Structures are given as structure tokens and as C-alpha cells.
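Okay, structure first, notes after.
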Amino acid sequence: DTEVTQTPKHLVMGMTNKKSLKCEQHMGHRAMYWYKQKAKKPPELMFVYSYEKLSINESVPSRFSPECPNSSLLNLHLHALQPEDSALYLCASSRPRGGGGQETQYFGPGTRLLVL
Amino acid sequence: EDQVTQSPEALRLQEGESSSLNCSYTVSGLRGLFWYRQDPGKGPEFLFTLYSAGEEKEKERLKATLTKKESFLHITAPKPEDSATYLCAVQALTNDYKLSFGAGTTVTVRA
């Protein structure tokens with residue numbers, strides 16, 4: 001099983017709202033990722049958690065706040081977003097590769113976010 | 001800085017017309033090269049991982065190959081359901097987590 005699930009599938013929010021995106025995997029992967037993808041562009045890395053600790057923050061604005069409550073769950077808390085934050089938000093997970101680095105990243109279906 | 005260039009940007013094929021997609025890369029030591037397929041509005045679906053030059057992997061009508069400078073994704077006798085954007089990504093030896101993605105090749109297969 002290589003399934004990563006994400007909820008909700010779609011989200012519409014105003015600029016003053018607070019919402020959260022959720023990601024779950026049960027593959028025993030210990031690295032989890034958040035990506036942002038705009039139309040006709042490749043995914044852009046936002047955050048990486050490794051063993052439930054934040055390893056990488058790609059200079060993402062503080063209106064995006066990640067959280068990793070346990071090894072299977074990853075959340076992305078959203079607050080005071082801007083219309084330009086509208087995009088497809090993707091979660092991914094991977095496991096360590098012997099000899100260093102990570103094996104294949106498996107992506108979830110994404111959450112389509114629209115900020116009005 | 002790692003660079004990944006995919007060509008062509010778009011490819012229109014007739015059903016059954018075989019073709020190849022190219023992924024050229026510049027990386028400070030390759031840890032792995034990954035191919036994904038992405039349908040509109042959906043997350044990337046994993047296809048292949050290649051680790052060393054000379055490696056080949058095959059799945060149904062798709063075959064991926066790797067050299068020291070590029071990878072090819074060959075589509076043999078494509079069907080309309082093979083229409084998608086194909087993404088190539090590399091991971092460098094100096095990097096445990098980050099993938100550098102190409103811009104993708106959008107393939108349209110007409111019946």
C-alpha cells in the first residue's frame with residue numbers, strides 16, 4: 001500500500017479565516033512533506049518533517065504553520081491567507097534509504113485551496 | 001545548483017504512435033531520479049525510480065532509462081488514458097530530502 005490521504009479535497013476560505021489541512025499515511029514513513037503547486041508548474045517544497053521534527057522550512061510565510069502530531073499525521077494550519085496562496089497543496093511521505101537520503105516520495109491527492 | 005530540463009513541453013500523439021520524453025539533469029552527484037505522472041487537479045503518481053546510469057525500468061507501456069546526463073521515458077503504443085503531465089525529479093547526494101523538479105511534459109494521446 002502506497003497511499004497518502006489528504007482532507008479536505010477542496011477548501012474555500014476568506015482572508016480572515018483559520019483552517020487546517022490534514023494528511024495521513026500508514027506506510028511507516030518517517031519523513032513527511034508539504035508542497036504547494038500552482039497551475040502548470042511543478043510542486044514547490046514548503047516543509048519537511050523527519051521523525052516528527054521540522055527539518056526544512058523553505059522560507060514559507062508564517063501564515064502557514066505546519067504540525068506533525070505523530071509519525072502518521074501531518075497538518076498545515078492556515079491563517080490570514082492571501083489570494084495568491086490559492087493553489088493545490090500536496091502532502092508526500094518517504095522512508096529512509098540505506099546509505100543515506102530518502103527513497104521515493106509518495107504524494108497524496110492534494111487539497112485544492114481557493115482564497116477569496 | 002541542481003537543474004532539471006524536460007523536453008518537449010507538450011507532445012501530441014496519435015493512439016499507437018510511440019514516442020520518448022527527455023529529462024536532462026545537472027546535479028552534484030545523483031542520489032536518484034524519479035518519474036511521476038500527474039493528471040489535472042490530482043497529486044503526482046509515482047512511476048519509476050532510477051539510481052544509476054544504465055538502469056532501466058518498465059511498467060506496461062512505459063519504460064524509463066538513465067544515463068549520466070539524462071533520462072528518457074519511452075511510451076510504446078500509447079492509449080488515450082496515457083494522456084497526462086509527466087514530471088521528472090532528481091535528488092542530489094548532498095540532499096537528504098529535496099527533489100528538484102523539471103517543468104513537466106504534457107502528453108495528449110488522441111484516439
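The chains in the C-alpha cells are called A, B, ... from first to last as shown; in each chain the residues are counted from 1, and the ligands are counted from 1 in the order shown.
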
Tell me, counting only C-alpha atoms, for each residue of region 31-104 of chain A within 12 Å of region 4-17 of chain B, which pair of atoms is nearest and how far apart they are in Å to one decimal, in rows ordered by chain and increasing number, as a tab-separated table.
```
residue	atom	partner	partner_atom	distance
A:Lys40	CA	B:Glu9	CA	10.7
A:Lys41	CA	B:Glu9	CA	11.5
A:Pro42	CA	B:Val4	CA	11.3
```

Write out as a short mmCIF file (atom, residue, chain, number, x, y, z; two decimals) with N, CA and C atoms, in the first residue's frame each polymer residue whose atoms come within 10 Å of Ala53 (chain B), counting only C-alpha atoms; drop sequence neighbours fewer than 5 positions from it.
```cif
data_model
loop_
_atom_site.label_atom_id
_atom_site.label_comp_id
_atom_site.auth_asym_id
_atom_site.auth_seq_id
_atom_site.Cartn_x
_atom_site.Cartn_y
_atom_site.Cartn_z
N LEU B 30 24.29 12.25 -8.30
CA LEU B 30 22.89 11.85 -8.34
C LEU B 30 22.62 10.78 -7.29
N THR B 65 14.74 4.99 -18.80
CA THR B 65 16.16 4.69 -18.89
C THR B 65 16.95 5.85 -18.32
N LEU B 66 18.20 5.57 -17.92
CA LEU B 66 19.02 6.60 -17.27
C LEU B 66 20.45 6.54 -17.78
N THR B 67 20.98 7.74 -18.13
CA THR B 67 22.40 7.88 -18.41
C THR B 67 22.97 8.87 -17.40
N LYS B 68 24.23 9.23 -17.54
CA LYS B 68 24.85 10.14 -16.58
C LYS B 68 24.36 11.58 -16.73
N LYS B 69 23.68 11.88 -17.84
CA LYS B 69 23.23 13.25 -18.06
C LYS B 69 21.74 13.39 -18.30
N GLU B 70 21.07 12.27 -18.61
CA GLU B 70 19.65 12.39 -18.93
C GLU B 70 18.91 11.08 -18.72
N SER B 71 17.59 11.23 -18.70
CA SER B 71 16.72 10.07 -18.61
C SER B 71 15.66 10.20 -19.70
#
```

Taken to one decimal, the CA of Phe101 (chain B)-CA of Lys22 (chain A) distance is 24.1 Å

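Selected on chain B by distance to chain A: B:Arg31, B:Phe34, B:Gly41, B:Lys42, B:Gly43, B:Pro44, B:Glu45, B:Phe46, B:Thr49, B:Leu87, B:Leu93, B:Asn95, B:Asp96, B:Tyr97, B:Lys98, B:Phe101, B:Gly102, B:Ala103, B:Gly104 (within 8 Å, counting only C-alpha atoms).
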
Could you dump the residues just selected with N, CA, C and O atoms as a PDB file, in the first residue's frame?
```pdb
ATOM      1  N   ARG B  31      21.620  11.069  -6.434  1.00  0.00           N
ATOM      2  CA  ARG B  31      21.188  10.048  -5.495  1.00  0.00           C
ATOM      3  C   ARG B  31      20.065   9.211  -6.122  1.00  0.00           C
ATOM      4  O   ARG B  31      20.024   8.003  -5.962  1.00  0.00           O
ATOM      5  N   PHE B  34      13.529  10.376 -10.423  1.00  0.00           N
ATOM      6  CA  PHE B  34      12.156   9.900 -10.232  1.00  0.00           C
ATOM      7  C   PHE B  34      11.273  10.387 -11.377  1.00  0.00           C
ATOM      8  O   PHE B  34      11.355  11.540 -11.789  1.00  0.00           O
ATOM      9  N   GLY B  41      -5.369  18.488 -11.608  1.00  0.00           N
ATOM     10  CA  GLY B  41      -6.016  18.636 -10.315  1.00  0.00           C
ATOM     11  C   GLY B  41      -5.744  17.518  -9.329  1.00  0.00           C
ATOM     12  O   GLY B  41      -6.340  17.492  -8.248  1.00  0.00           O
ATOM     13  N   LYS B  42      -4.852  16.593  -9.660  1.00  0.00           N
ATOM     14  CA  LYS B  42      -4.548  15.467  -8.776  1.00  0.00           C
ATOM     15  C   LYS B  42      -3.072  15.471  -8.390  1.00  0.00           C
ATOM     16  O   LYS B  42      -2.259  16.164  -8.992  1.00  0.00           O
ATOM     17  N   GLY B  43      -2.734  14.678  -7.385  1.00  0.00           N
ATOM     18  CA  GLY B  43      -1.360  14.590  -6.950  1.00  0.00           C
ATOM     19  C   GLY B  43      -0.523  13.736  -7.890  1.00  0.00           C
ATOM     20  O   GLY B  43      -1.055  12.871  -8.598  1.00  0.00           O
ATOM     21  N   PRO B  44       0.786  13.963  -7.921  1.00  0.00           N
ATOM     22  CA  PRO B  44       1.661  13.136  -8.759  1.00  0.00           C
ATOM     23  C   PRO B  44       1.610  11.665  -8.355  1.00  0.00           C
ATOM     24  O   PRO B  44       1.640  11.341  -7.167  1.00  0.00           O
ATOM     25  N   GLU B  45       1.564  10.812  -9.361  1.00  0.00           N
ATOM     26  CA  GLU B  45       1.533   9.365  -9.139  1.00  0.00           C
ATOM     27  C   GLU B  45       2.899   8.804  -9.497  1.00  0.00           C
ATOM     28  O   GLU B  45       3.409   9.016 -10.599  1.00  0.00           O
ATOM     29  N   PHE B  46       3.498   8.081  -8.566  1.00  0.00           N
ATOM     30  CA  PHE B  46       4.832   7.547  -8.782  1.00  0.00           C
ATOM     31  C   PHE B  46       4.855   6.530  -9.919  1.00  0.00           C
ATOM     32  O   PHE B  46       3.974   5.661 -10.021  1.00  0.00           O
ATOM     33  N   THR B  49      11.730   4.889 -10.128  1.00  0.00           N
ATOM     34  CA  THR B  49      12.928   5.452  -9.521  1.00  0.00           C
ATOM     35  C   THR B  49      14.130   4.786 -10.172  1.00  0.00           C
ATOM     36  O   THR B  49      14.166   3.558 -10.296  1.00  0.00           O
ATOM     37  N   LEU B  87       6.255  14.236 -14.935  1.00  0.00           N
ATOM     38  CA  LEU B  87       7.242  15.025 -14.205  1.00  0.00           C
ATOM     39  C   LEU B  87       8.479  14.190 -13.916  1.00  0.00           C
ATOM     40  O   LEU B  87       8.376  13.021 -13.527  1.00  0.00           O
ATOM     41  N   LEU B  93      23.087  13.892  -4.061  1.00  0.00           N
ATOM     42  CA  LEU B  93      23.753  13.216  -2.940  1.00  0.00           C
ATOM     43  C   LEU B  93      23.890  14.133  -1.740  1.00  0.00           C
ATOM     44  O   LEU B  93      23.943  13.679  -0.596  1.00  0.00           O
ATOM     45  N   ASN B  95      21.764  16.097  -0.635  1.00  0.00           N
ATOM     46  CA  ASN B  95      20.437  16.482  -0.179  1.00  0.00           C
ATOM     47  C   ASN B  95      19.670  15.257   0.281  1.00  0.00           C
ATOM     48  O   ASN B  95      19.501  14.320  -0.481  1.00  0.00           O
ATOM     49  N   ASP B  96      19.230  15.246   1.522  1.00  0.00           N
ATOM     50  CA  ASP B  96      18.506  14.074   2.008  1.00  0.00           C
ATOM     51  C   ASP B  96      17.040  14.066   1.611  1.00  0.00           C
ATOM     52  O   ASP B  96      16.430  13.001   1.533  1.00  0.00           O
ATOM     53  N   TYR B  97      16.457  15.248   1.390  1.00  0.00           N
ATOM     54  CA  TYR B  97      15.005  15.310   1.242  1.00  0.00           C
ATOM     55  C   TYR B  97      14.520  16.018  -0.016  1.00  0.00           C
ATOM     56  O   TYR B  97      13.486  15.683  -0.550  1.00  0.00           O
ATOM     57  N   LYS B  98      15.251  17.025  -0.492  1.00  0.00           N
ATOM     58  CA  LYS B  98      14.717  17.872  -1.559  1.00  0.00           C
ATOM     59  C   LYS B  98      14.772  17.205  -2.921  1.00  0.00           C
ATOM     60  O   LYS B  98      15.754  16.560  -3.272  1.00  0.00           O
ATOM     61  N   PHE B 101      12.510  19.447  -9.438  1.00  0.00           N
ATOM     62  CA  PHE B 101      11.587  19.012 -10.474  1.00  0.00           C
ATOM     63  C   PHE B 101      11.857  19.731 -11.783  1.00  0.00           C
ATOM     64  O   PHE B 101      12.228  20.916 -11.806  1.00  0.00           O
ATOM     65  N   GLY B 102      11.611  19.017 -12.889  1.00  0.00           N
ATOM     66  CA  GLY B 102      11.504  19.672 -14.174  1.00  0.00           C
ATOM     67  C   GLY B 102      10.115  20.269 -14.312  1.00  0.00           C
ATOM     68  O   GLY B 102       9.244  20.046 -13.472  1.00  0.00           O
ATOM     69  N   ALA B 103       9.919  21.017 -15.404  1.00  0.00           N
ATOM     70  CA  ALA B 103       8.636  21.694 -15.616  1.00  0.00           C
ATOM     71  C   ALA B 103       7.557  20.741 -16.114  1.00  0.00           C
ATOM     72  O   ALA B 103       6.376  21.100 -16.102  1.00  0.00           O
ATOM     73  N   GLY B 104       7.960  19.552 -16.546  1.00  0.00           N
ATOM     74  CA  GLY B 104       6.984  18.573 -16.993  1.00  0.00           C
ATOM     75  C   GLY B 104       6.776  18.554 -18.501  1.00  0.00           C
ATOM     76  O   GLY B 104       7.043  19.540 -19.197  1.00  0.00           O
TER      77      GLY B 104
END
```

Practice item. Identify all residues of region 16-113 of chain A in strand (DSSP E or B) (DSSP on the backbone) and supply them as a ChimeraX atom specification. Key: /A:18-25,31-37,44-50,53-57,64-70,73-79,87-94,96,102,106-107,111-113
